[in-house]
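Novice: One file is attached below, upload.cif, containing mmCIF, C-alpha atoms.
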```cif
data_model
#
loop_
_atom_site.label_atom_id
_atom_site.label_comp_id
_atom_site.auth_asym_id
_atom_site.auth_seq_id
_atom_site.Cartn_x
_atom_site.Cartn_y
_atom_site.Cartn_z
CA MET A 715 177.44 187.73 300.20
CA SER A 716 175.45 185.75 297.65
CA ARG A 717 173.59 187.08 294.72
CA THR A 718 170.06 185.93 294.03
CA SER A 719 169.24 184.65 290.59
CA PRO A 720 167.79 187.08 288.04
CA SER A 721 164.49 185.25 288.26
CA ASP A 722 164.03 186.19 291.94
CA PRO A 723 161.32 188.89 291.84
CA GLY A 724 161.62 189.72 295.48
CA ALA A 725 165.18 190.98 295.44
CA PRO A 726 166.06 192.84 292.24
CA ALA A 727 169.42 194.53 291.78
CA ALA A 728 169.59 198.31 291.74
CA LEU A 729 171.26 198.27 288.33
CA PRO A 730 169.87 196.11 285.47
CA ARG A 731 171.66 192.81 285.08
CA GLY A 732 171.40 189.47 283.33
CA ARG A 733 171.55 188.45 279.69
CA GLU A 734 168.81 190.84 278.56
CA ALA A 735 170.47 193.83 280.17
CA SER A 736 173.92 192.87 278.90
CA ASP A 737 172.62 192.89 275.34
CA VAL A 738 171.75 196.62 275.57
CA PRO A 739 174.63 198.62 273.99
CA PRO A 740 174.31 201.72 276.26
CA LEU A 741 174.47 199.54 279.36
CA ARG A 742 177.55 197.74 278.05
CA LEU A 743 179.22 201.11 277.48
CA VAL A 744 178.40 202.30 281.00
CA ARG A 745 179.68 199.05 282.49
CA LEU A 746 182.95 199.36 280.57
CA ALA A 747 183.26 202.94 281.83
CA PHE A 748 182.92 201.72 285.43
CA HIS A 749 185.58 199.04 284.84
CA GLY A 750 187.88 201.66 283.33
CA ALA A 751 187.30 203.98 286.29
CA PHE A 752 188.19 201.16 288.69
CA TYR A 753 191.54 200.51 287.03
CA ALA A 754 192.27 204.22 286.63
CA LEU A 755 191.67 204.92 290.33
CA LEU A 756 193.62 201.81 291.32
CA ALA A 757 196.56 203.01 289.22
CA VAL A 758 196.38 206.48 290.83
CA ALA A 759 196.44 204.90 294.30
CA LEU A 760 199.45 202.72 293.41
CA ALA A 761 201.37 205.48 291.64
CA PRO A 762 203.06 206.96 294.78
CA THR A 763 204.37 203.54 295.83
CA VAL A 764 205.58 202.75 292.29
CA ALA A 765 207.33 206.14 292.14
CA GLY A 766 208.93 205.59 295.56
CA ARG A 767 207.65 208.79 297.08
CA PRO A 768 208.21 209.32 300.83
CA SER A 769 204.45 209.63 301.45
CA ALA A 770 203.74 206.31 299.76
CA GLY A 771 202.41 203.33 301.65
CA PRO A 772 204.35 200.14 302.37
CA LEU A 773 205.66 198.05 299.52
CA ALA A 774 203.10 195.37 300.32
CA VAL A 775 200.49 197.39 298.46
CA LEU A 776 202.13 196.57 295.12
CA PRO A 777 201.51 192.80 295.14
CA LEU A 778 198.11 193.30 296.75
CA GLY A 779 197.19 195.89 294.11
CA ALA A 780 198.33 193.58 291.30
CA LEU A 781 196.33 190.72 292.84
CA LEU A 782 193.24 192.94 293.13
CA ALA A 783 193.56 193.95 289.47
CA ALA A 784 193.87 190.30 288.40
CA VAL A 785 190.93 189.12 290.51
CA TYR A 786 188.74 191.97 289.27
CA ALA A 787 189.67 191.21 285.66
CA ALA A 788 188.86 187.52 286.12
CA GLY A 789 185.36 188.38 287.29
CA THR A 790 184.67 190.84 284.47
CA VAL A 791 186.03 188.69 281.63
CA ARG A 792 184.15 185.55 282.73
CA PRO A 793 181.31 186.64 285.00
CA ALA A 794 179.76 183.96 287.18
CA ARG A 795 176.05 183.43 287.64
CA ARG A 796 176.48 183.81 291.42
CA PRO A 797 179.56 186.02 291.87
CA GLY A 798 179.43 186.09 295.68
CA LEU A 799 182.91 184.57 296.09
CA TRP A 800 184.47 186.90 293.51
CA LEU A 801 182.82 189.98 295.00
CA SER A 802 183.95 188.96 298.49
CA ALA A 803 187.53 188.53 297.26
CA VAL A 804 187.54 191.96 295.56
CA THR A 805 186.12 193.63 298.66
CA ALA A 806 188.58 191.87 301.00
CA LEU A 807 191.60 192.86 298.88
CA TRP A 808 190.37 196.46 298.70
CA LEU A 809 189.89 196.62 302.47
CA ALA A 810 193.42 195.25 302.98
CA LEU A 811 194.84 197.92 300.69
CA LEU A 812 192.76 200.58 302.42
CA ALA A 813 194.15 199.51 305.76
CA LEU A 814 197.71 199.88 304.42
CA ASP A 815 197.17 203.15 302.52
CA ARG A 816 194.18 205.49 302.79
CA GLY A 817 194.88 206.61 299.19
CA PHE A 818 192.81 203.62 298.10
CA SER A 819 189.69 205.36 299.42
CA TYR A 820 188.88 206.63 295.92
CA VAL A 821 188.61 203.07 294.59
CA ALA A 822 185.39 202.77 296.62
CA PHE A 823 183.40 204.80 294.09
CA PRO A 824 183.45 202.19 291.26
CA LEU A 825 182.95 199.49 293.90
CA PHE A 826 179.68 201.18 294.89
CA PHE A 827 178.33 200.53 291.40
CA LEU A 828 179.67 196.98 291.53
CA PHE A 829 177.71 196.33 294.74
CA LEU A 830 174.57 197.90 293.27
CA ARG A 831 174.80 195.80 290.12
CA ALA A 832 175.86 192.44 291.59
CA LEU A 833 173.78 192.37 294.77
CA PRO A 834 170.05 192.48 295.49
CA VAL A 835 168.81 195.70 297.04
CA ARG A 836 168.60 194.28 300.57
CA TRP A 837 172.35 193.56 300.43
CA ALA A 838 173.57 196.32 298.09
CA HIS A 839 172.68 199.25 300.32
CA PRO A 840 174.30 197.79 303.49
CA ALA A 841 177.40 196.95 301.42
CA VAL A 842 177.63 200.54 300.17
CA ALA A 843 177.16 201.83 303.71
CA ALA A 844 179.85 199.50 305.06
CA ALA A 845 182.30 200.54 302.32
CA THR A 846 181.56 204.19 303.08
CA ALA A 847 182.24 203.60 306.78
CA ALA A 848 185.54 201.91 305.91
CA VAL A 849 186.58 204.95 303.85
CA VAL A 850 185.63 207.33 306.68
CA ALA A 851 187.61 205.23 309.14
CA ALA A 852 190.65 205.26 306.85
CA GLN A 853 190.43 209.02 306.37
CA ALA A 854 190.22 209.51 310.13
CA THR A 855 193.80 208.22 310.42
CA ALA A 856 195.04 211.16 308.34
CA PRO A 857 196.59 214.18 310.05
CA GLY A 858 193.87 216.24 311.71
CA GLY A 859 191.80 213.20 312.68
CA LEU A 860 188.13 212.82 311.88
CA THR A 861 186.41 215.93 310.50
CA VAL A 862 183.00 216.70 309.07
CA ALA A 863 184.43 217.02 305.59
CA LYS A 864 185.94 213.53 305.81
CA VAL A 865 182.48 212.15 306.58
CA ILE A 866 180.48 214.21 304.10
CA GLY A 867 182.80 213.43 301.14
CA PRO A 868 182.47 209.61 301.18
CA ALA A 869 178.78 209.81 302.13
CA ALA A 870 178.10 212.16 299.22
CA GLY A 871 179.93 209.82 296.84
CA ALA A 872 177.82 206.89 298.04
CA ALA A 873 174.61 208.91 297.62
CA VAL A 874 175.60 209.97 294.10
CA ALA A 875 176.35 206.35 293.18
CA ILE A 876 172.98 205.14 294.47
CA LEU A 877 171.01 207.91 292.76
CA THR A 878 172.91 207.41 289.49
CA ALA A 879 172.25 203.68 289.61
CA TYR A 880 168.53 204.09 290.17
CA GLY A 881 168.27 206.83 287.55
CA TYR A 882 169.94 204.67 284.93
CA ALA A 883 167.80 201.69 285.93
CA ALA A 884 164.68 203.80 285.35
CA LEU A 885 165.95 204.85 281.91
CA HIS A 886 166.76 201.26 281.10
CA ARG A 887 163.26 200.10 282.03
CA GLU A 888 161.76 202.88 279.92
CA GLY A 889 163.95 201.84 276.99
CA GLN A 890 162.80 198.24 277.36
CA ARG A 891 159.17 199.34 277.47
CA ARG A 892 159.60 201.34 274.27
CA GLN A 893 161.39 198.45 272.60
CA ARG A 894 158.50 196.14 273.46
CA LEU A 895 156.09 198.70 272.02
CA ILE A 896 158.12 198.91 268.81
CA ASP A 897 158.21 195.10 268.58
CA ASP A 898 154.43 194.98 269.00
CA LEU A 899 153.96 197.59 266.26
CA VAL A 900 156.26 195.71 263.88
CA ARG A 901 154.47 192.44 264.61
CA THR A 902 151.09 194.09 264.08
CA ARG A 903 152.27 195.57 260.78
CA ASP A 904 153.48 192.16 259.58
CA GLU A 905 150.21 190.52 260.63
CA LEU A 906 148.24 193.23 258.80
CA ALA A 907 150.33 192.75 255.65
CA ALA A 908 149.81 188.99 255.85
CA ALA A 909 146.07 189.50 256.31
CA GLN A 910 145.96 191.81 253.28
CA ARG A 911 147.82 189.26 251.17
CA GLU A 912 145.45 186.52 252.29
CA ALA A 913 142.45 188.74 251.56
CA GLY A 914 143.84 189.30 248.05
CA ARG A 915 144.23 185.56 247.53
CA LEU A 916 140.69 184.91 248.73
CA ALA A 917 139.30 187.62 246.47
CA GLU A 918 141.13 186.12 243.48
CA ARG A 919 139.84 182.65 244.35
CA GLN A 920 136.29 183.95 244.58
CA ARG A 921 136.63 185.69 241.22
CA LEU A 922 137.92 182.52 239.58
CA ALA A 923 135.18 180.49 241.28
CA ARG A 924 132.52 182.80 239.83
CA GLU A 925 134.11 182.66 236.38
CA ILE A 926 134.33 178.86 236.44
CA HIS A 927 130.76 178.51 237.72
CA ASP A 928 129.35 180.81 235.05
CA THR A 929 131.30 179.29 232.14
CA LEU A 930 133.03 175.93 232.53
CA ALA A 931 130.62 174.46 235.07
CA GLN A 932 127.58 175.42 233.00
CA GLY A 933 129.16 174.02 229.86
CA LEU A 934 130.05 170.73 231.56
CA SER A 935 126.50 170.45 232.89
CA SER A 936 125.22 170.90 229.35
CA ILE A 937 127.57 168.19 228.11
CA VAL A 938 126.32 165.78 230.78
CA LEU A 939 122.68 166.47 229.87
CA LEU A 940 123.35 166.09 226.14
CA ALA A 941 125.22 162.83 226.71
CA ARG A 942 122.33 161.40 228.74
CA ALA A 943 119.87 162.46 226.06
CA ALA A 944 121.99 160.86 223.36
CA GLU A 945 121.94 157.51 225.18
CA THR A 946 118.19 157.08 224.71
CA ALA A 947 117.69 158.97 221.46
CA GLU A 948 117.39 157.56 217.96
CA ARG A 949 120.43 157.42 215.71
CA GLU A 950 119.91 160.72 213.92
CA THR A 951 118.97 162.51 217.10
CA ALA A 952 121.94 160.95 218.90
CA ARG A 953 124.29 162.20 216.17
CA GLU A 954 122.85 165.70 216.57
CA ARG A 955 123.40 165.48 220.32
CA VAL A 956 126.99 164.33 219.78
CA ARG A 957 127.63 167.30 217.50
CA GLU A 958 126.21 169.60 220.19
CA ILE A 959 128.44 167.94 222.77
CA GLY A 960 131.48 168.63 220.56
CA LEU A 961 130.57 172.28 220.11
CA THR A 962 129.97 172.75 223.84
CA ALA A 963 133.28 171.05 224.67
CA ALA A 964 135.08 173.32 222.16
CA ASP A 965 133.53 176.37 223.78
CA ASN A 966 134.63 175.16 227.22
CA LEU A 967 138.13 174.52 225.92
CA ALA A 968 138.27 178.08 224.63
CA GLU A 969 137.13 179.36 228.01
CA ALA A 970 139.83 177.30 229.76
CA ARG A 971 142.48 178.69 227.43
CA ARG A 972 141.24 182.21 228.16
CA PHE A 973 141.75 181.58 231.88
CA VAL A 974 145.28 180.32 231.28
CA GLN A 975 146.11 183.29 229.08
CA ALA A 976 144.76 185.67 231.72
CA LEU A 977 146.99 184.10 234.36
CA THR A 978 150.11 183.69 232.23
CA PRO A 979 151.87 186.73 230.71
CA PRO A 980 152.27 186.60 226.92
CA ALA A 981 156.07 186.66 227.32
CA LEU A 982 155.91 183.25 229.01
CA GLU A 983 153.49 181.63 226.57
CA ASP A 984 156.08 180.71 223.96
CA ALA A 985 159.38 180.89 225.87
CA PRO A 986 160.89 179.61 229.13
CA LEU A 987 161.63 182.09 231.92
CA PRO A 988 165.34 182.73 231.09
CA GLU A 989 164.55 183.51 227.46
CA ALA A 990 161.57 185.67 228.46
CA LEU A 991 163.79 187.68 230.82
CA ARG A 992 166.44 188.01 228.13
CA ARG A 993 163.88 189.46 225.70
CA VAL A 994 162.43 191.83 228.32
CA THR A 995 165.91 193.04 229.24
CA ALA A 996 166.93 193.73 225.66
CA ARG A 997 163.62 195.39 224.78
CA THR A 998 163.26 197.58 227.88
CA VAL A 999 166.85 198.77 228.38
CA PRO A 1000 168.86 198.48 225.13
CA GLY A 1001 172.45 197.54 225.89
CA ALA A 1002 171.62 195.91 229.23
CA VAL A 1003 173.32 192.60 229.97
CA PHE A 1004 171.45 189.43 230.92
CA ARG A 1005 173.29 186.57 232.64
CA LEU A 1006 172.09 183.07 233.49
CA ASP A 1007 173.81 181.08 236.24
CA GLY A 1008 173.12 177.46 237.07
CA GLU A 1009 170.98 174.87 235.35
CA PRO A 1010 167.41 176.09 234.71
CA CYS A 1011 164.65 173.97 236.18
CA PRO A 1012 160.84 174.07 235.84
CA LEU A 1013 159.27 176.63 238.15
CA PRO A 1014 155.67 177.11 239.27
CA VAL A 1015 153.70 179.52 237.11
CA GLU A 1016 153.26 182.01 239.96
CA THR A 1017 157.03 182.09 240.54
CA GLU A 1018 157.80 182.72 236.88
CA VAL A 1019 155.14 185.43 236.70
CA ALA A 1020 156.48 187.12 239.85
CA LEU A 1021 160.08 187.17 238.57
CA LEU A 1022 159.01 188.40 235.17
CA ARG A 1023 156.86 191.20 236.63
CA LEU A 1024 159.66 192.21 239.00
CA THR A 1025 162.12 192.43 236.10
CA GLN A 1026 159.71 194.45 234.00
CA GLU A 1027 159.01 196.93 236.83
CA ALA A 1028 162.68 197.31 237.80
CA LEU A 1029 163.88 197.78 234.22
CA ALA A 1030 161.09 200.25 233.54
CA ASN A 1031 162.31 202.30 236.51
CA VAL A 1032 165.85 202.13 235.14
CA ALA A 1033 164.75 203.29 231.72
CA ARG A 1034 162.60 206.13 233.05
CA HIS A 1035 164.57 207.45 236.01
CA ALA A 1036 168.04 205.97 236.54
CA SER A 1037 170.05 207.56 233.68
CA ALA A 1038 172.31 204.51 233.94
CA GLU A 1039 175.20 203.68 231.64
CA HIS A 1040 175.32 200.01 232.59
CA THR A 1041 172.52 197.66 233.63
CA ALA A 1042 172.74 193.95 234.39
CA VAL A 1043 170.09 191.32 235.09
CA THR A 1044 171.22 188.00 236.59
CA LEU A 1045 169.01 184.94 237.00
CA ALA A 1046 170.62 182.23 239.11
CA PHE A 1047 169.29 178.75 239.78
CA LEU A 1048 170.81 177.75 243.09
CA ASP A 1049 170.38 174.76 245.37
CA GLY A 1050 166.78 174.96 246.51
CA GLN A 1051 166.08 178.51 245.37
CA VAL A 1052 166.12 180.86 242.40
CA ALA A 1053 167.67 184.31 242.69
CA LEU A 1054 167.13 187.40 240.54
CA ASP A 1055 169.49 190.40 240.75
CA ILE A 1056 169.04 193.66 238.86
CA TYR A 1057 171.78 196.30 239.07
CA ASP A 1058 172.26 199.70 237.47
CA ASP A 1059 174.90 202.42 237.96
CA GLY A 1060 172.40 205.27 237.67
CA ILE A 1061 171.56 208.18 239.95
CA GLY A 1062 170.16 205.96 242.70
CA PHE A 1063 167.92 207.13 245.53
CA ALA A 1064 167.48 206.84 249.29
CA PRO A 1065 165.07 203.89 249.86
CA GLY A 1066 163.92 205.25 253.21
CA ARG A 1067 163.00 208.66 251.81
CA GLY A 1068 161.90 207.72 248.32
CA PRO A 1069 163.53 208.54 244.97
CA ALA A 1070 165.38 211.80 244.47
CA ASP A 1071 162.94 213.05 241.84
CA GLY A 1072 160.01 212.80 244.23
CA ARG A 1073 158.15 209.98 242.47
CA ARG A 1074 156.19 207.55 244.65
CA THR A 1075 157.56 204.01 244.85
CA PHE A 1076 154.42 201.92 244.59
CA GLY A 1077 156.37 199.59 242.29
CA LEU A 1078 158.86 198.64 244.99
CA HIS A 1079 156.04 197.93 247.41
CA GLY A 1080 154.34 195.71 244.84
CA MET A 1081 157.59 193.84 244.18
CA ARG A 1082 158.11 193.22 247.88
CA GLU A 1083 154.54 192.01 248.39
CA ARG A 1084 154.68 189.71 245.35
CA ILE A 1085 157.93 188.03 246.44
CA ALA A 1086 156.83 187.80 250.09
CA GLY A 1087 153.66 186.04 248.96
CA LEU A 1088 155.87 183.26 247.55
CA GLY A 1089 157.85 182.93 250.78
CA GLY A 1090 160.90 184.67 249.33
CA THR A 1091 163.03 187.67 250.30
CA PHE A 1092 163.31 191.03 248.58
CA THR A 1093 165.98 193.67 249.23
CA VAL A 1094 166.80 197.06 247.71
CA GLU A 1095 170.20 198.71 248.10
CA SER A 1096 170.63 202.23 246.77
CA ALA A 1097 172.04 205.63 247.60
CA PRO A 1098 172.05 208.94 245.72
CA GLY A 1099 174.72 208.81 243.04
CA GLU A 1100 175.63 205.16 243.71
CA GLY A 1101 173.17 203.23 241.57
CA THR A 1102 170.59 200.67 242.65
CA ALA A 1103 170.70 196.94 243.31
CA ILE A 1104 167.54 194.85 243.63
CA ALA A 1105 167.76 191.25 244.79
CA ALA A 1106 164.99 188.67 245.12
CA THR A 1107 165.23 185.03 246.14
CA VAL A 1108 162.37 182.54 245.99
CA PRO A 1109 162.46 178.96 247.27
CA VAL A 1110 162.13 176.35 244.56
CA VAL A 1111 159.72 173.47 245.18
CA PRO A 1112 159.99 170.68 242.58
CA THR A 1113 156.87 170.35 240.46
CA GLY A 1114 156.46 166.73 241.53
CA ALA A 1115 156.51 167.70 245.18
CA ARG A 1116 153.96 170.46 244.52
CA ALA A 1117 151.69 167.93 242.83
CA LEU A 1118 151.94 165.61 245.84
CA GLU A 1119 151.16 168.52 248.18
CA ALA A 1120 148.13 169.48 246.11
CA ALA A 1121 146.90 165.87 246.07
CA ALA A 1122 147.33 165.60 249.84
#
```
Would you encode the structure as structure tokens?
Specialist:
Amino acid sequence: MSRTSPSDPGAPAALPRGREASDVPPLRLVRLAFHGAFYALLAVALAPTVAGRPSAGPLAVLPLGALLAAVYAAGTVRPARRPGLWLSAVTALWLALLALDRGFSYVAFPLFFLFLRALPVRWAHPAVAAATAAVVAAQATAPGGLTVAKVIGPAAGAAVAILTAYGYAALHREGQRRQRLIDDLVRTRDELAAAQREAGRLAERQRLAREIHDTLAQGLSSIVLLARAAETAERETARERVREIGLTAADNLAEARRFVQALTPPALEDAPLPEALRRVTARTVPGAVFRLDGEPCPLPVETEVALLRLTQEALANVARHASAEHTAVTLAFLDGQVALDIYDDGIGFAPGRGPADGRRTFGLHGMRERIAGLGGTFTVESAPGEGTAIAATVPVVPTGARALEAAA
């Protein structure tokens, strides 16, 4: 009896099988229950012989029973891709025990599920029917001979096994369908979030393009025209044009500085990131502790802005809502990434249900989006009465490498 590969669409097993099915926790639990039932029924069948009762079968059932238990265990601990030989050995040993002692008839029930799981349908049903016939034949040797009850009992057990197998297979397929639907929804949500982030970037680029076109580009065009006019003008006129060029260039320089100031928070204008975070921590939550780990390195402006904004938002939440006695901010420069951790021992909240005071957590969403836009990770751990821990990590790209990427 050979088992077809899981990729054979023409002969599926009655019960789900293969790597995908084995990874489903409910199916693993059911399979372990069947294995446990097999050993329990095998022990019940061997018990009379072990106890030395007069009605027990011959002593030969003890070594055969031990061999059956060992062979069955070998196939369950290290299952083969084509377990035909193992299944044949288990069936042969069970039939030998059944021939010696009809008490082993009850072991057929877990074997039914084994046939239905390990064999394709065209072989599983005949195997169940053959095992049922063997049980009926063994029961016919009991006092009273063959009766209707001795036929109906094994047949009913086989029918229950088949119906149970198909019912669970249907539930398993429905669970897989729902899981695929959930995966599709999660993927769609991530794609939508990525599209929204990209739309935000494009909108910001368009805004900057308009600003540059209306200010810097116009000023540079004026400088070019004035310079060309100065080349052919007389000395006094040329001097006047040069003075106009200087004034226009000064105006453009002021506009450029305005752009930089709009993109860079004031806290970062005159201090590096660690010092800016230290000041924000001390000013927002008096008594909070700031720690710096590792050797600071230059970071892109957008990374520094994101970490500063995250710290400001998190500490503002601590000051307004946490009622914390201790707060700590840790900035760590690690190998290839920078990490920011903010912890408080305040009242905490349930992240899945929102804060305990009912406020809406738009700040957390903004933090997550800002860090995700830099390719980093953002996590929040909190529970009512257990404080809150916020952790963000952002990959660090050396400024020289970023310049090469921009040039490419």
Novice: Give me, please, the distance in Å between CA of Ala990 in chain A and CA of Ala1033 in chain A, quoted to one decimal.
Specialist: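 One can read the CA of Ala990 in chain A to CA of Ala1033 in chain A distance as 18.2 Å.
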Novice: Need the shell around Gly817 in chain A: protein/DNA/RNA residues with any atom at most 12 Å away, counting all atoms listed in the file. Skip same-chain ones fewer than 4 positions apart. Format as a ChimeraX atom specification?
Specialist: /A:755-763,769-772,775,808-809,811-813,821-822,849-850,852-853,855-856
Novice: I would like the residues chosen by the PyMOL selection byres ((chain A and resi 986) around 10) on the shown file; could you give them as a VMD selection string?
Specialist: chain A and resid 981 to 985 987 to 991 1010 to 1013 1018
Novice: Please compute the CA of Ala1105 in chain A-CA of Ile1056 in chain A distance, one decimal, in Å.
Specialist: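 Calculated distance between CA of Ala1105 in chain A and CA of Ile1056 in chain A is 6.5 Å.
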Novice: Go through the shown structure with the PyMOL selection byres ((chain A and resi 937) around 12) and write out the matching residues as a list in words.
Specialist: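 With the PyMOL selection byres ((chain A and resi 937) around 12) on this model, the match is Leu930, Ala931, Gln932, Gly933, Leu934, Ser935, Ser936, Val938, Leu939, Leu940, Ala941, Arg942, Ala943, Ala944, Arg955, Val956, Arg957, Glu958, Ile959, Gly960, Leu961, Thr962, Ala963, Ala964, Asp965 and Asn966 of chain A.
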Novice: Could you jot down the CA of Phe1063 in chain A to CA of Val1094 in chain A separation for me, Å, one decimal place?
Specialist: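 Separating CA of Phe1063 in chain A from CA of Val1094 in chain A is a distance of 10.4 Å.
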Novice: Could you list, as a list in words, every residue within 6 Å of Asp1055 in chain A, counting all atoms listed in the file and ignoring same-chain residues fewer than 5 positions away?
Specialist: Val1043, Thr1044, Ile1104 and Ala1105 of chain A
Novice: Which residue gives the smallest distance to Arg1082 in chain A among A:His749, A:Arg911, A:Arg949, A:His1035, with all atoms listed in the file counted?
Specialist: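 Using all atoms listed in the file, the shortest distance to Arg1082 in chain A belongs to A:Arg911.
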Novice: Considering only C-alpha atoms, state which residue in the set A:Ala870, A:Ala1064, A:Ala1002, A:Ala863 is at the smallest distance from Ala1038 in chain A.
Specialist: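 Of A:Ala870, A:Ala1064, A:Ala1002, A:Ala863, the one nearest Ala1038 in chain A is A:Ala1002, counting only C-alpha atoms.
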Novice: Quick one: residues within 12 Å of Arg997 in chain A, only C-alpha atoms, excluding same-chain residues fewer than 2 positions away - as a list in words?
Specialist: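 Residues meeting the cut-off are Ala981, Ala990, Leu991, Arg992, Arg993, Val994, Thr995, Val999, Pro1000, Gly1001, Ala1002, Val1003, Phe1004, Thr1025, Gln1026, Leu1029, Ala1030 and Ala1033 of chain A.
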Novice: Please write the residues picked by the PyMOL selection byres ((chain A and resi 1058) around 8) on this file as a list of chain:residue names.
Specialist: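 Listing what the PyMOL selection byres ((chain A and resi 1058) around 8) selects in the shown file: A:Val1032, A:Ala1036, A:Ala1038, A:Glu1039, A:His1040, A:Thr1041, A:Ala1042, A:Ile1056, A:Tyr1057, A:Asp1059, A:Gly1060, A:Gly1101, A:Thr1102, A:Ala1103.
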Novice: Distance cut-off 12 Å, centre (178.8, 192.7, 304.7) in file coordinates, counting all atoms listed in the file: which residues qualify? Return them as number ranges by chain.
Specialist: A: 715-716, 798, 801-802, 805-806, 809, 829, 833, 836-848
Novice: Quick one: residues within 7 Å of range 782-794 of chain A, all atoms listed in the file counted, chain neighbours fewer than 6 positions away excluded, as a list in words?
Specialist: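 Listed by chain and then number, they are Trp800, Val804 and Leu807 of chain A.
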Novice: Which is closest to Glu1016 in chain A among A:Val835, A:Leu814, A:Val1108, A:Leu799, if we use all atoms listed in the file?
Specialist: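 Checking each of A:Val835, A:Leu814, A:Val1108, A:Leu799 against Glu1016 in chain A, counting all atoms listed in the file, the winner is A:Val1108.
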Novice: Can I get a file of range 802-807 of chain A from the given structure, all heavy atoms kept, as a compact mmCIF listing (two decimals), in the first residue's frame?
Specialist:
```txt
# COMPACT_ATOMS: atom_id res chain seq x y z
N SER A 802 2.16 -0.84 6.35
CA SER A 802 1.97 -2.27 6.14
C SER A 802 2.45 -3.07 7.35
O SER A 802 1.80 -4.05 7.76
CB SER A 802 2.73 -2.71 4.88
OG SER A 802 2.24 -2.04 3.73
N ALA A 803 3.58 -2.64 7.94
CA ALA A 803 4.11 -3.34 9.11
C ALA A 803 3.16 -3.20 10.30
O ALA A 803 2.89 -4.18 11.02
CB ALA A 803 5.49 -2.80 9.46
N VAL A 804 2.63 -2.01 10.53
CA VAL A 804 1.68 -1.80 11.63
C VAL A 804 0.44 -2.65 11.43
O VAL A 804 -0.05 -3.32 12.37
CB VAL A 804 1.32 -0.31 11.74
CG1 VAL A 804 0.16 -0.11 12.72
CG2 VAL A 804 2.52 0.50 12.20
N THR A 805 -0.08 -2.66 10.22
CA THR A 805 -1.30 -3.44 9.94
C THR A 805 -1.04 -4.94 10.11
O THR A 805 -1.87 -5.66 10.69
CB THR A 805 -1.79 -3.15 8.52
OG1 THR A 805 -1.98 -1.74 8.37
CG2 THR A 805 -3.10 -3.86 8.25
N ALA A 806 0.11 -5.42 9.62
CA ALA A 806 0.43 -6.84 9.74
C ALA A 806 0.56 -7.27 11.20
O ALA A 806 0.06 -8.34 11.61
CB ALA A 806 1.70 -7.15 8.96
N LEU A 807 1.24 -6.46 12.01
CA LEU A 807 1.40 -6.80 13.43
C LEU A 807 0.04 -6.78 14.13
O LEU A 807 -0.24 -7.65 14.98
CB LEU A 807 2.36 -5.80 14.09
CG LEU A 807 3.83 -5.94 13.70
CD1 LEU A 807 4.65 -4.79 14.26
CD2 LEU A 807 4.40 -7.27 14.21
```
